[in-house]
Structure formats: structure tokens, C-alpha cells
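Trainee: Questions regarding the structure given below will be posed in turn.
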Amino acid sequence: MFQSDLLKGRAIFITGGGTGLGLSMAVRLAELGAKLFLAGRREEPLRQAAEKIRKAGGECGYATCDVRDPAAVEAAITAAETQFGRVDTLVNSAAGNFIARTEKLSPNAFAAVVGIVLHGTFHCTLALGRRWIAARQPGTVLNIVTNYAAAGSGSGFVVPSACAKAGVLAMTRSLAVEWARYNIRLNAIAPGPFPTEGAWSRLIPTKEYEERLRNYHPMKRFGRHEELANLAAYLLSEQSAYINGECMVIDGGQWLRGAGEFNDLVELPDAMWEKMEQARKPR
Ligand code: HXC
Ligand code: NAP
């Protein structure tokens, strides 16, 4: 579906690029010709991810950085520019999340998640946006939110994340209009469940809960990383040049499953349908 040089010449800064979906996107974007610069707090996952990309023939650098700290973000972007000359693309994939009863949360627990997701995305977007505007160069931003942000429903038990991701979506749409005149394009991807160590360890408390989640899903499966990575490649490429301020849900229909009043009828066995159909036939 994609030409192997789709992203040739592009230099991408990706937060959270050392693990999970961030890593899967980084690997795929490098395969398509982009140079990657990964940012995260822990050095070891970043080092391993960069090695993986380089072994596969890609160009990759990294810097440790806490996206909550604007000075650290500036320093990491400067390091990326030193390595690649310039950065033209940003993927905000860094996030924090955990399940908790909201009444039990401490102020610091709320601040930790909102700091990473909302403030972190703002710091990275502003740092690169300012540079692009000053240099009169185009830029592309992709923000990873969640399907509960795209649905507008939020979600119980992940309230800090629900608030922060809703804010990131608002930022995406607001700046898509404000910065279009500078040739800066912003979009979002709203994933449903994609197994990653980071998400599963914090959000899926038991195997039983995982099975329940899978069974409730209309397609009875979770997302595959390559499915999301390919959507990211499309949204970052020039093929999607007229898509701006959009949020693409990639969840196999998960959020809609809970939205339609009669959707629970997917659980009704065929025998029951047949019995009802017989009953309404004229005698
Ligand atoms: C209640 C918690 C908590 C929990 C931490 N805290 N975990 N409170 N329940 N499970 C509280 C701590 O007690 C502390 O408050 C405050 O949060 C900050 O915790 P720290 O560990 O000091 O913070 P920090 O080291 O900055 O870590 C941030 C983090 C952590 C968000 C808490 O989980 C993290 O590093 N996450 C990064 C990766 C991640 O979350 N990936 C999943 C993304 S998945 P006090 O008051 O004690 O100081 C996703 C969407 C998935 O976003 C959707 C569908 C599957
Ligand atoms: P993940 O592997 O835990 O990814 C989160 C990344 O963010 C990690 O690499 C982490 O690295 C980095 N990070 C966290 N706090 C940071 C900070 N303060 N500064 C810099 N980097 C930080 O989880 P994932 O599942 O792949 O999530 C990736 C994205 O997809 C997130 O935006 C998440 O909300 C979204 N998402 C995931 C799912 C899913 O089912 N997996 C569903 C919906 C949305 P360090 O810990 O080293 O900093």
C-alpha cells in the first residue's frame, strides 16, 4: 500500500518512541524512509529502540527527556536538530495512565498524568511550532489520544487521562486552524485497545478482565501495532495533505459497541432470533 520512500527526507521527533505504540510507529516510519529521533525518560528502552531501527537500515537518534519539563524538551529538540539539521515532524505518543477510583486520587496523581499528556504535548508542539513559524518551514504533528477522547464520553476510572486526552484533542483542532496559515498541519489518532506492556500493566488488572474486554469487542480482538503504524504513516505523509484537525479512531468499532441502544443484541443466539422471527410470521 505504501511506497518504500513515502517519508524519505523527513525528520521525525517522537515522544514515547522507545516503547509500545511509539516504538512500533518509529520502526514503521523509518522503514518508509524517515529519520527518527526518540524521546522518553528512560535511556535503556531508547537505546535499544534506536539500535533496532539502525540495524534495520534506518537513521535514528535519541535523548532522555521528561516532556513535563519545557527546558528538557528544548534540549532534546536541539539535540535532534544537531543530528538531522532540522526536524519537520512531531509525534506526541508519550503518555501516563492508570486505573483508579477517582475519589482516591491524590493531587499529585492527577498532576502526573495531566503533566505528561496535556502539558507534555503542549511543550513539544510549541517548541517545534515556534521553530517552524520562525523558519517559515512547514510542519506536521500527530497526537495520539484515545477512543474515549474521540467519543467525547471520557471514561470512569481513568479520569486524569480522560481530561488530558480531551485537552490534547482540543489543542489539535484549535492549532489546526490557527497554524494552517504557517503550513503546519495537526491531526490525531484515537486508538482503542492495543496490547503494550505500558498500558496492560497499568490498565488491565487481570486475565479475566482482558478476556472480558476482548469478548465485548465487536471484532473479538485487540488492535495490531502495524495497523496503527500504517495509519500514522498515512497521516504524516503528503498523501493526507488536506486532512487537518482530524481525529481518526482506530478501535475496530469498540466505542460504538457501547453507543447503540440495541447493540447488546450481538449476544443474542441465532436460535433466539429464529424463534422470534417464527413468532411474528402470520399464522
Ligand atoms: C493511584 C497512582 C497510581 C495508581 C501512581 N499514582 N500510580 N495513584 N493509582 N495506580 C500516584 C502516585 O502515588 C503519586 O502520587 C503520583 O501518582 C505520581 O506517581 P509517580 O510514580 O511519582 O510518578 P511518575 O514517576 O511521574 O510516573 C507517572 C505515572 C506512571 C503516570 C504514574 O504510571 C508512568 O510513568 N506511566 C508512563 C507509561 C504509561 O502510563 N503508559 C500507559 C499509556 S496507555 P503521590 O500523591 O503519592 O505523590 C494509555 C491509554 C490506554 O494512555 C487506553 C486503553 C487500553
Ligand atoms: P507505553 O509503551 O507505556 O508508552 C508511553 C511512553 O511514554 C513510554 O515510552 C514512556 O517512556 C513515555 N513517557 C511517559 N512519561 C513520559 C514523560 N514524562 N516524558 C517523556 N516520555 C514519557 O504505552 P503505549 O500503550 O504504547 O501508549 C502509547 C500512546 O498510545 C499513548 O499516548 C497512549 O495514551 C496511547 N494509547 C494507547 C492505547 C493502548 O491500548 N495501548 C490505547 C489508547 C491510546 P518512559 O517511561 O521511558 O518515559
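Ordering of the C-alpha cells sets the chain letters (A, B, ...); residue numbers start at 1 within each chain; ligands are numbered from 1 in the order shown.
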Residues within 7 Å of ligand 2 (only C-alpha atoms and all ligand atoms), as a PyMOL selection string?
Mentor: chain A and resi 15-22+39-43+45+65-68+92-96+116+144-147+190-199
Trainee: Using only C-alpha atoms, determine which residues lie at most 7 Å from Ala162 of chain A, disregarding the query and same-chain residues fewer than 6 positions distant; provide the list as a PyMOL selection string.
Mentor: chain A and resi 148-149+154-155
Trainee: Export N, CA and C atoms of the chosen residues as a compact mmCIF listing (two decimals), in the first residue's frame?
Mentor:
# COMPACT_ATOMS: atom_id res chain seq x y z
N TYR A 148 -11.78 7.10 23.96
CA TYR A 148 -12.73 7.76 24.87
C TYR A 148 -12.62 9.28 24.77
N ALA A 149 -11.53 9.80 24.24
CA ALA A 149 -11.46 11.25 23.95
C ALA A 149 -12.24 11.55 22.67
N GLY A 154 -15.29 10.53 27.55
CA GLY A 154 -14.37 10.31 28.65
C GLY A 154 -14.53 8.88 29.14
N SER A 155 -13.94 8.58 30.32
CA SER A 155 -14.15 7.25 30.88
C SER A 155 -13.93 7.29 32.37
Trainee: Mind listing the strand (DSSP E or B) residues of segment 17-245 of chain A, per DSSP on the backbone, as an NGL selection string?
Mentor: :A and (35-40 or 60-64 or 89-92 or 139-144 or 184-191)
Trainee: List every residue of segment 232-268 of chain A that DSSP, applied to the backbone, labels as helix (DSSP H, G or I), and write the result as a list of chain:residue names.
Mentor: A:Ala232, A:Ala233, A:Tyr234, A:Leu235, A:Leu236, A:Glu238, A:Gln239, A:Ser240, A:Gln254, A:Trp255, A:Leu256, A:Arg257, A:Asn263, A:Asp264, A:Leu265, A:Val266, A:Glu267
Trainee: Near Phe110 of chain A, counting only C-alpha atoms, which residues have an atom at most 12 Å away, once you skip same-chain residues fewer than 6 positions from it, shown as a count of residues only?
Mentor: 20
Trainee: Excluding same-chain residues fewer than 3 positions from Asn263 of chain A, what lies within 12 Å of it counting only C-alpha atoms, as a PyMOL selection string?
Mentor: chain A and resi 216-218+253-260+266-268
Trainee: Please produce an output containing N, CA and C atoms for each residue in the selection, written as a CSV table (one decimal), in the first residue's frame.
Mentor:
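Once written, result.csv looks like this:
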chain,number,residue,atom,x,y,z
A,216,TYR,N,-16.2,-8.5,24.6
A,216,TYR,CA,-17.2,-7.4,24.5
A,216,TYR,C,-16.9,-6.7,23.1
A,217,HIS,N,-15.7,-6.8,22.6
A,217,HIS,CA,-15.3,-6.1,21.4
A,217,HIS,C,-16.1,-6.7,20.2
A,218,PRO,N,-16.6,-5.8,19.3
A,218,PRO,CA,-17.4,-6.3,18.2
A,218,PRO,C,-16.6,-7.3,17.3
A,253,GLY,N,-14.3,-0.5,16.1
A,253,GLY,CA,-15.7,-0.3,16.4
A,253,GLY,C,-16.0,-0.4,17.9
A,254,GLN,N,-14.9,-0.4,18.8
A,254,GLN,CA,-15.1,-0.7,20.2
A,254,GLN,C,-16.0,0.4,20.9
A,255,TRP,N,-15.8,1.7,20.6
A,255,TRP,CA,-16.6,2.7,21.3
A,255,TRP,C,-18.0,2.6,20.8
A,256,LEU,N,-18.2,2.4,19.6
A,256,LEU,CA,-19.6,2.3,19.0
A,256,LEU,C,-20.4,1.2,19.7
A,257,ARG,N,-19.7,0.1,20.0
A,257,ARG,CA,-20.3,-1.0,20.6
A,257,ARG,C,-21.2,-0.6,21.9
A,258,GLY,N,-20.7,0.3,22.6
A,258,GLY,CA,-21.4,0.8,23.8
A,258,GLY,C,-22.4,1.9,23.5
A,259,ALA,N,-22.4,2.4,22.3
A,259,ALA,CA,-23.2,3.6,22.0
A,259,ALA,C,-24.6,3.3,21.4
A,260,GLY,N,-24.8,2.2,20.7
A,260,GLY,CA,-26.1,1.9,20.0
A,260,GLY,C,-27.0,1.2,21.0
A,266,VAL,N,-26.0,-8.3,19.8
A,266,VAL,CA,-25.0,-9.1,19.1
A,266,VAL,C,-24.8,-10.4,20.0
A,267,GLU,N,-25.2,-10.4,21.2
A,267,GLU,CA,-25.1,-11.6,22.1
A,267,GLU,C,-26.3,-12.5,22.0
A,268,LEU,N,-27.3,-12.1,21.3
A,268,LEU,CA,-28.5,-13.0,21.2
A,268,LEU,C,-28.2,-14.2,20.2
Trainee: Between A:Ala109, A:Ala50, A:Ala127, A:Ile204, which residue has the minimum interatomic distance to Pro70 of chain A, considering only C-alpha atoms?
Mentor: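 Of all the options, A:Ala127 lies closest to Pro70 of chain A.
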Trainee: Find the residues around segment 170-180 of chain A up to 12 Å (only C-alpha atoms counted), leave out those fewer than 3 positions away in its own chain, and share them as an MDAnalysis selection string.
Mentor: chainID A and resid 91:92 117:119 121:123 125:126 129:130 132:133 136:145 149:150 152 163:167 183:189 241:247
Trainee: Would you please work out which residue, of A:Ala135, A:Ala76, A:Leu235, A:Val27, is nearest to Lys55 of chain A when using only C-alpha atoms?
Mentor: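 That would be A:Val27, the residue with the smallest distance to Lys55 of chain A.
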Trainee: Distance atom CA of Met248 of chain A-atom CA of Cys60 of chain A, one decimal place?
Mentor: 27.1 Å
Trainee: Can you tell me, as a list in words, what residues are no more than 10 Å from Gly58 of chain A when counting only C-alpha atoms, ignoring any on the same chain fewer than 2 positions away?
Mentor: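 So the residues in contact are Ala26, Val27, Arg28, Leu29, Ala30, Glu31, Leu32, Gly33, Ala34, Lys35, Leu36, Ala50, Glu51, Lys52, Ile53, Arg54, Lys55, Ala56 and Cys60 of chain A.
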Trainee: Those same residues - N, CA and C atoms - I'd like them written as an mmCIF file, in the first residue's frame.
Mentor:
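part.cif, freshly written:
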data_model
loop_
_atom_site.group_PDB
_atom_site.id
_atom_site.type_symbol
_atom_site.label_atom_id
_atom_site.label_comp_id
_atom_site.auth_asym_id
_atom_site.auth_seq_id
_atom_site.Cartn_x
_atom_site.Cartn_y
_atom_site.Cartn_z
ATOM 1 N N ALA A 26 7.692 4.296 15.217
ATOM 2 C CA ALA A 26 9.050 4.724 14.838
ATOM 3 C C ALA A 26 9.670 3.734 13.853
ATOM 4 N N VAL A 27 9.521 2.446 14.146
ATOM 5 C CA VAL A 27 10.099 1.416 13.275
ATOM 6 C C VAL A 27 9.479 1.507 11.873
ATOM 7 N N ARG A 28 8.168 1.648 11.817
ATOM 8 C CA ARG A 28 7.470 1.695 10.519
ATOM 9 C C ARG A 28 7.832 2.971 9.744
ATOM 10 N N LEU A 29 7.893 4.093 10.441
ATOM 11 C CA LEU A 29 8.190 5.364 9.769
ATOM 12 C C LEU A 29 9.625 5.339 9.228
ATOM 13 N N ALA A 30 10.530 4.687 9.965
ATOM 14 C CA ALA A 30 11.916 4.559 9.491
ATOM 15 C C ALA A 30 11.971 3.659 8.262
ATOM 16 N N GLU A 31 11.172 2.580 8.269
ATOM 17 C CA GLU A 31 11.113 1.690 7.096
ATOM 18 C C GLU A 31 10.696 2.453 5.845
ATOM 19 N N LEU A 32 9.877 3.473 6.055
ATOM 20 C CA LEU A 32 9.363 4.255 4.925
ATOM 21 C C LEU A 32 10.261 5.444 4.603
ATOM 22 N N GLY A 33 11.473 5.448 5.175
ATOM 23 C CA GLY A 33 12.489 6.414 4.740
ATOM 24 C C GLY A 33 12.742 7.580 5.670
ATOM 25 N N ALA A 34 11.960 7.711 6.757
ATOM 26 C CA ALA A 34 12.149 8.866 7.645
ATOM 27 C C ALA A 34 13.330 8.645 8.590
ATOM 28 N N LYS A 35 13.932 9.768 9.013
ATOM 29 C CA LYS A 35 14.921 9.731 10.098
ATOM 30 C C LYS A 35 14.144 9.920 11.395
ATOM 31 N N LEU A 36 14.500 9.161 12.434
ATOM 32 C CA LEU A 36 13.736 9.200 13.685
ATOM 33 C C LEU A 36 14.582 9.696 14.836
ATOM 34 N N ALA A 50 16.618 2.539 19.308
ATOM 35 C CA ALA A 50 17.460 3.167 18.273
ATOM 36 C C ALA A 50 18.320 2.104 17.588
ATOM 37 N N GLU A 51 18.822 1.167 18.389
ATOM 38 C CA GLU A 51 19.655 0.097 17.823
ATOM 39 C C GLU A 51 18.832 -0.747 16.840
ATOM 40 N N LYS A 52 17.599 -1.048 17.233
ATOM 41 C CA LYS A 52 16.717 -1.854 16.376
ATOM 42 C C LYS A 52 16.491 -1.158 15.027
ATOM 43 N N ILE A 53 16.250 0.135 15.078
ATOM 44 C CA ILE A 53 15.972 0.897 13.858
ATOM 45 C C ILE A 53 17.231 0.972 12.978
ATOM 46 N N ARG A 54 18.360 1.202 13.621
ATOM 47 C CA ARG A 54 19.619 1.298 12.853
ATOM 48 C C ARG A 54 19.970 -0.053 12.231
ATOM 49 N N LYS A 55 19.741 -1.141 12.986
ATOM 50 C CA LYS A 55 20.047 -2.484 12.454
ATOM 51 C C LYS A 55 19.231 -2.771 11.211
ATOM 52 N N ALA A 56 18.012 -2.212 11.171
ATOM 53 C CA ALA A 56 17.131 -2.436 10.019
ATOM 54 C C ALA A 56 17.454 -1.461 8.882
ATOM 55 N N CYS A 60 18.627 6.889 13.213
ATOM 56 C CA CYS A 60 17.883 7.141 14.453
ATOM 57 C C CYS A 60 18.790 7.706 15.546
#
Trainee: Could you jot down the atom 7 (N, counted along the ligand's line) of ligand 1 to atom CA of Gly120 of chain A separation for me, Å, one decimal place?
Mentor: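 Calculated distance between atom 7 (N, counted along the ligand's line) of ligand 1 and atom CA of Gly120 of chain A is 17.9 Å.
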Trainee: Would you work out the distance separating atom CA of Ser106 of chain A from atom 34 (C, counted along the ligand's line) of ligand 1, expressed in Å to one decimal?
Mentor: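 Calculated distance between atom CA of Ser106 of chain A and atom 34 (C, counted along the ligand's line) of ligand 1 is 14.9 Å.
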Trainee: Looking at only C-alpha atoms, which of A:Ala232, A:Pro269, A:Pro282, A:Gly252 is the one that sits closest to Met219 of chain A?
Mentor: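 Looking at the shortest contact to Met219 of chain A, the residue is A:Gly252.
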Trainee: For a quick check of understanding, using only C-alpha atoms and all ligand atoms, which of A:Ile250, A:Cys124, A:Ile14, A:Ala75 has the smallest distance to ligand 1?
Mentor: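 Closest to ligand 1, using only C-alpha atoms and all ligand atoms: A:Ile250.
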Trainee: Under the rule that only C-alpha atoms and all ligand atoms are counted, which of A:Met1, A:Val113, A:Val73, A:Met25 is the nearest residue to ligand 1?
Mentor: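 Closest to ligand 1 of all the choices is A:Val113.
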Trainee: Quick one: of A:Phe84, A:Trp273, A:Tyr234, A:Phe222, who's nearest to ligand 1, counting only C-alpha atoms and all ligand atoms?
Mentor: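 Among the listed residues, the smallest separation from ligand 1 belongs to A:Phe222.
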